[in-house]
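Have a look at the structure below before the remarks.
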Amino acid sequence: MSYLEVHTPFQIDLQFRIAPFHLRLFAWIIDFILLCFFACFMYYFLEDAFGWYRAKEFGMEEIFVIMPFLMYHLLWEIAMKGQSPGKKLFRIQVMGLNGENATLSQYLLRWLLRFVDFGLFWGFIFMAQGAIFLGVLLIVSSLAAFVRYLAGANGQRIGDWVAGTTLVQKKMTVQLEDTLFKELNEDDYQVLYPQVMRLSDKDINIIDNIIKQHIQYRREKYVGNVAAKLREVLHIETQQDDLSFLETLLRDYNYLSRR
């Protein structure tokens with residue numbers, strides 16, 4: 001089983017489990033089935049509303065069928081922070097190699113290169129349309145991309161390799177939003193560590209990931225090392241245990257950042 005290791009400023013290496021091939025395949029199949037249902041629905045809708053030949057004449061096929069089919073993954077991944085419906089079902093997500101959510105440009109790059117990575121599918125379509133050379137080129141390119149995926153250390157296809165992303169598993173049994181980031185009663189809440197505002201958003205995201213990994217994998221060493229580093233950097237003396245200390249920092253940051 002492969003892991004993506006991300007070094008943090010707290011001298012802790014976060015580990016994210018690389019999504020295995022079968023989960024990626026199942027997610028793609030689910031997305032493809034949804035696309036087929038959508039295409040069939042739009043076909044019958046356009047046929048009933050305008051007549052299929054008239055709809056084609058006015059370019060409605062390209063706008064309402066082909067374009068959504070081509071841009072499905074890009075739009076969903078941007079809207080759902082690295083997930084499509086298929087990816088969400090199997091709890092996998094596109095993530096940058098730095099351990100943070102992918103950026104818009106990264107989503108765009110990996111989407112543009114889907115036509116190479118999944119050239120086997122498109123290659124047969126082009127060959128069926130008589131474009132033999134282009135079809136063969138896409139098929140060969142997709143086979144080369146699959147070899148690249150198998151040989152790579154981080155489970156990256158060509159698009160991921162160029163964009164600096166990969167797919168990781170998100171198997172959280174407890175959602176942090178249900179515990180640490182629930183709505184706080186602003187009238188009663190008492191901030192314990194106002195020094196937390198000296199941390200950057202990136203630091204807070206790292207603490208968030210540390211706690212999530214502890215919930216999933218019980219990594220006391222990570223929690224202890226990060227808590228000790230934060231006490232030193234923020235000059236905080238407390239009797240709270242390490243995990244409670246980190247959770248309080250996140251709650252304080254959540255409260256203060258909204259004021």
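Ordering of the structure tokens sets the chain letters (A, B, ...); residue numbers start at 1 within each chain; ligands are numbered from 1 in the order shown.
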
Could you list, as a ChimeraX atom specification, every residue within 10 Å of A:Asp252, counting only C-alpha atoms and ignoring same-chain residues fewer than 2 positions away?
/A:180,184,189-197,246-250,254-257

Using only C-alpha atoms, which protein or nucleic acid residues come within 7 Å of A:Leu120? Drop anything in the same chain fewer than 5 positions from it, and give the result as a list in words.
Leu138, Ile139 and Ser142 of chain A

For the atom pair atom CA of A:Ile78 and atom CA of A:Val94, what is the interatomic distance in Å to one decimal place?
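About the pair atom CA of A:Ile78 and atom CA of A:Val94: they are 10.1 Å apart.
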
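Each of A:Leu46, A:Met71, A:Val168, A:Val6 was compared to A:Gln156 using only C-alpha atoms, and A:Val168 turns out to be the nearest.
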
If we count only C-alpha atoms, what is near A:Arg24 at a cut-off of 10 Å, once residues fewer than 2 positions away on the same chain are taken out, given as a JSON list (two decimals) with all heavy atoms, in the first residue's frame?
```json
[["chain", "number", "residue", "atom", "x", "y", "z"],
["A", 19, "ALA", "N", -4.91, 6.44, -3.25],
["A", 19, "ALA", "CA", -6.08, 5.68, -3.67],
["A", 19, "ALA", "C", -5.65, 4.53, -4.58],
["A", 19, "ALA", "O", -4.97, 4.76, -5.58],
["A", 19, "ALA", "CB", -7.07, 6.59, -4.40],
["A", 20, "PRO", "N", -6.02, 3.29, -4.26],
["A", 20, "PRO", "CA", -5.64, 2.16, -5.10],
["A", 20, "PRO", "C", -6.36, 2.18, -6.44],
["A", 20, "PRO", "O", -7.40, 2.84, -6.60],
["A", 20, "PRO", "CB", -6.05, 0.94, -4.26],
["A", 20, "PRO", "CG", -7.12, 1.44, -3.36],
["A", 20, "PRO", "CD", -6.79, 2.88, -3.07],
["A", 21, "PHE", "N", -5.81, 1.46, -7.39],
["A", 21, "PHE", "CA", -6.32, 1.48, -8.76],
["A", 21, "PHE", "C", -7.78, 1.06, -8.83],
["A", 21, "PHE", "O", -8.57, 1.66, -9.57],
["A", 21, "PHE", "CB", -5.47, 0.57, -9.65],
["A", 21, "PHE", "CG", -5.99, 0.45, -11.06],
["A", 21, "PHE", "CD1", -5.83, 1.48, -11.97],
["A", 21, "PHE", "CD2", -6.67, -0.70, -11.47],
["A", 21, "PHE", "CE1", -6.32, 1.38, -13.26],
["A", 21, "PHE", "CE2", -7.16, -0.80, -12.76],
["A", 21, "PHE", "CZ", -6.98, 0.23, -13.65],
["A", 22, "HIS", "N", -8.18, 0.04, -8.07],
["A", 22, "HIS", "CA", -9.55, -0.46, -8.21],
["A", 22, "HIS", "C", -10.57, 0.57, -7.75],
["A", 22, "HIS", "O", -11.66, 0.67, -8.34],
["A", 22, "HIS", "CB", -9.73, -1.79, -7.45],
["A", 22, "HIS", "CG", -9.69, -1.67, -5.97],
["A", 22, "HIS", "ND1", -8.50, -1.61, -5.25],
["A", 22, "HIS", "CD2", -10.69, -1.58, -5.04],
["A", 22, "HIS", "CE1", -8.77, -1.51, -3.97],
["A", 22, "HIS", "NE2", -10.07, -1.49, -3.80],
["A", 26, "PHE", "N", -13.48, 2.03, -10.13],
["A", 26, "PHE", "CA", -14.90, 1.99, -9.76],
["A", 26, "PHE", "C", -15.51, 3.38, -9.77],
["A", 26, "PHE", "O", -16.65, 3.57, -10.22],
["A", 26, "PHE", "CB", -15.07, 1.35, -8.38],
["A", 26, "PHE", "CG", -14.71, -0.11, -8.32],
["A", 26, "PHE", "CD1", -14.35, -0.69, -7.12],
["A", 26, "PHE", "CD2", -14.72, -0.89, -9.47],
["A", 26, "PHE", "CE1", -14.01, -2.03, -7.06],
["A", 26, "PHE", "CE2", -14.38, -2.24, -9.41],
["A", 26, "PHE", "CZ", -14.03, -2.81, -8.21],
["A", 27, "ALA", "N", -14.75, 4.36, -9.29],
["A", 27, "ALA", "CA", -15.25, 5.75, -9.29],
["A", 27, "ALA", "C", -15.46, 6.23, -10.72],
["A", 27, "ALA", "O", -16.47, 6.89, -11.02],
["A", 27, "ALA", "CB", -14.26, 6.66, -8.56],
["A", 28, "TRP", "N", -14.53, 5.89, -11.61],
["A", 28, "TRP", "CA", -14.66, 6.30, -13.02],
["A", 28, "TRP", "C", -15.89, 5.64, -13.65],
["A", 28, "TRP", "O", -16.63, 6.27, -14.41],
["A", 28, "TRP", "CB", -13.40, 5.90, -13.78],
["A", 28, "TRP", "CG", -13.45, 6.31, -15.23],
["A", 28, "TRP", "CD1", -13.10, 7.51, -15.76],
["A", 28, "TRP", "CD2", -13.90, 5.51, -16.34],
["A", 28, "TRP", "NE1", -13.29, 7.52, -17.13],
["A", 28, "TRP", "CE2", -13.79, 6.29, -17.51],
["A", 28, "TRP", "CE3", -14.39, 4.21, -16.45],
["A", 28, "TRP", "CZ2", -14.14, 5.82, -18.76],
["A", 28, "TRP", "CZ3", -14.74, 3.74, -17.71],
["A", 28, "TRP", "CH2", -14.61, 4.54, -18.85],
["A", 29, "ILE", "N", -16.13, 4.37, -13.34],
["A", 29, "ILE", "CA", -17.29, 3.67, -13.89],
["A", 29, "ILE", "C", -18.59, 4.33, -13.44],
["A", 29, "ILE", "O", -19.51, 4.53, -14.24],
["A", 29, "ILE", "CB", -17.26, 2.18, -13.49],
["A", 29, "ILE", "CG1", -16.11, 1.46, -14.21],
["A", 29, "ILE", "CG2", -18.59, 1.50, -13.82],
["A", 29, "ILE", "CD1", -15.89, 0.04, -13.75],
["A", 86, "GLY", "N", -18.59, 9.97, -8.32],
["A", 86, "GLY", "CA", -17.96, 8.65, -8.20],
["A", 86, "GLY", "C", -16.85, 8.65, -7.16],
["A", 86, "GLY", "O", -16.74, 7.72, -6.34],
["A", 87, "LYS", "N", -16.02, 9.68, -7.17],
["A", 87, "LYS", "CA", -14.94, 9.77, -6.18],
["A", 87, "LYS", "C", -15.50, 9.92, -4.77],
["A", 87, "LYS", "O", -14.98, 9.35, -3.82],
["A", 87, "LYS", "CB", -14.02, 10.95, -6.51],
["A", 87, "LYS", "CG", -13.21, 10.81, -7.79],
["A", 87, "LYS", "CD", -12.27, 11.97, -7.96],
["A", 87, "LYS", "CE", -11.47, 11.88, -9.26],
["A", 87, "LYS", "NZ", -12.31, 12.13, -10.45],
["A", 90, "PHE", "N", -16.67, 6.59, -3.30],
["A", 90, "PHE", "CA", -15.59, 5.70, -2.86],
["A", 90, "PHE", "C", -14.57, 6.41, -1.96],
["A", 90, "PHE", "O", -13.50, 5.89, -1.71],
["A", 90, "PHE", "CB", -14.91, 5.07, -4.07],
["A", 90, "PHE", "CG", -15.77, 4.07, -4.77],
["A", 90, "PHE", "CD1", -16.50, 4.42, -5.90],
["A", 90, "PHE", "CD2", -15.90, 2.78, -4.27],
["A", 90, "PHE", "CE1", -17.32, 3.51, -6.53],
["A", 90, "PHE", "CE2", -16.71, 1.85, -4.91],
["A", 90, "PHE", "CZ", -17.43, 2.22, -6.03],
["A", 91, "ARG", "N", -14.90, 7.64, -1.56],
["A", 91, "ARG", "CA", -14.10, 8.40, -0.60],
["A", 91, "ARG", "C", -12.65, 8.58, -1.04],
["A", 91, "ARG", "O", -11.71, 8.29, -0.30],
["A", 91, "ARG", "CB", -14.15, 7.73, 0.78],
["A", 91, "ARG", "CG", -15.53, 7.73, 1.39],
["A", 91, "ARG", "CD", -15.51, 7.11, 2.78],
["A", 91, "ARG", "NE", -16.84, 7.12, 3.37],
["A", 91, "ARG", "CZ", -17.12, 6.66, 4.59],
["A", 91, "ARG", "NH1", -16.15, 6.18, 5.35],
["A", 91, "ARG", "NH2", -18.35, 6.69, 5.06],
["A", 92, "ILE", "N", -12.49, 9.04, -2.27],
["A", 92, "ILE", "CA", -11.17, 9.41, -2.76],
["A", 92, "ILE", "C", -11.24, 10.85, -3.25],
["A", 92, "ILE", "O", -12.31, 11.35, -3.59],
["A", 92, "ILE", "CB", -10.66, 8.47, -3.88],
["A", 92, "ILE", "CG1", -11.61, 8.50, -5.09],
["A", 92, "ILE", "CG2", -10.51, 7.05, -3.36],
["A", 92, "ILE", "CD1", -11.13, 7.63, -6.25],
["A", 93, "GLN", "N", -10.09, 11.51, -3.26],
["A", 93, "GLN", "CA", -10.06, 12.94, -3.54],
["A", 93, "GLN", "C", -8.75, 13.32, -4.21],
["A", 93, "GLN", "O", -7.69, 12.79, -3.90],
["A", 93, "GLN", "CB", -10.19, 13.72, -2.22],
["A", 93, "GLN", "CG", -10.05, 15.22, -2.36],
["A", 93, "GLN", "CD", -9.97, 15.92, -1.02],
["A", 93, "GLN", "OE1", -9.75, 15.29, 0.01],
["A", 93, "GLN", "NE2", -10.13, 17.23, -1.02],
["A", 167, "LEU", "N", -4.38, 11.12, -6.22],
["A", 167, "LEU", "CA", -5.64, 10.78, -5.58],
["A", 167, "LEU", "C", -5.36, 10.05, -4.27],
["A", 167, "LEU", "O", -4.57, 9.11, -4.25],
["A", 167, "LEU", "CB", -6.49, 9.87, -6.49],
["A", 167, "LEU", "CG", -7.64, 10.58, -7.23],
["A", 167, "LEU", "CD1", -7.08, 11.52, -8.27],
["A", 167, "LEU", "CD2", -8.57, 9.57, -7.88],
["A", 168, "VAL", "N", -5.98, 10.53, -3.20],
["A", 168, "VAL", "CA", -5.79, 9.92, -1.88],
["A", 168, "VAL", "C", -7.14, 9.48, -1.35],
["A", 168, "VAL", "O", -8.20, 9.93, -1.80],
["A", 168, "VAL", "CB", -5.13, 10.91, -0.90],
["A", 168, "VAL", "CG1", -3.75, 11.32, -1.39],
["A", 168, "VAL", "CG2", -6.01, 12.14, -0.68]]
```

For a test of reading the model, state the distance in Å between atom CA of A:Tyr43 and atom CA of A:Glu61, rounded to one decimal.
8.0 Å

Atom CA of A:Val140 and atom CA of A:Phe118 are how many Å apart?
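Atom-to-atom, atom CA of A:Val140 to atom CA of A:Phe118, that is 10.5 Å.
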
Determine which residues of stretch 6-106 of chain A DSSP labels as strand (DSSP E or B) from the backbone of this structure, then write them out as a list in words.
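Those in stretch 6-106 of chain A that DSSP calls strand (DSSP E or B) are Val6, His7, Asp13, Leu14, Gln15, Phe16, Arg17, Ile18, Ile92, Gln93, Val94, Met95, Gly96 and Asn101 of chain A.
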
What are the DSSP helix (DSSP H, G or I) residues of stretch 16-259 of chain A, as a ChimeraX atom specification?
/A:21-49,52-57,60-79,85-89,104-112,114-117,119-128,132-151,158-163,176-178,194-198,201-217,220-234,242-257

Would you pick out the contacts of A:Tyr72 at 10 Å or less, using only C-alpha atoms, so that residues sharing its chain but fewer than 2 positions from it are not included, and give the list as a list in words?
Asp31, Phe32, Leu34, Leu35, Ile66, Met67, Pro68, Phe69, Leu70, Leu74, Leu75, Trp76, Glu77, Ser84 and Trp111 of chain A

Selection near A:Met60, 12 Å with only C-alpha atoms, sequence-local residues under 4 positions removed, as a count of residues only
18

Set the distance at 12 Å and use only C-alpha atoms: which residues neighbour stretch 129-137 of chain A once local chain neighbours fewer than 3 positions away are removed? I'd like the list as a PyMOL selection string.
chain A and resi 115-126+140-144

Would you write out those residues with C-alpha atoms, as a CSV table (one decimal), in the first residue's frame?
```csv
chain,number,residue,atom,x,y,z
A,115,PHE,CA,-7.6,12.9,-23.2
A,116,VAL,CA,-4.1,11.3,-23.1
A,117,ASP,CA,-4.6,9.3,-19.9
A,118,PHE,CA,-8.0,7.9,-21.1
A,119,GLY,CA,-6.9,7.8,-24.8
A,120,LEU,CA,-7.9,4.1,-25.0
A,121,PHE,CA,-11.6,5.1,-24.7
A,122,TRP,CA,-11.3,8.1,-27.0
A,123,GLY,CA,-9.1,6.2,-29.4
A,124,PHE,CA,-11.7,3.6,-30.2
A,125,ILE,CA,-14.3,6.3,-30.7
A,126,PHE,CA,-12.0,8.1,-33.2
A,140,VAL,CA,-0.7,4.2,-27.7
A,141,SER,CA,-0.5,7.3,-25.5
A,142,SER,CA,-3.0,5.9,-23.0
A,143,LEU,CA,-0.9,2.7,-22.7
A,144,ALA,CA,2.2,4.8,-22.1
```
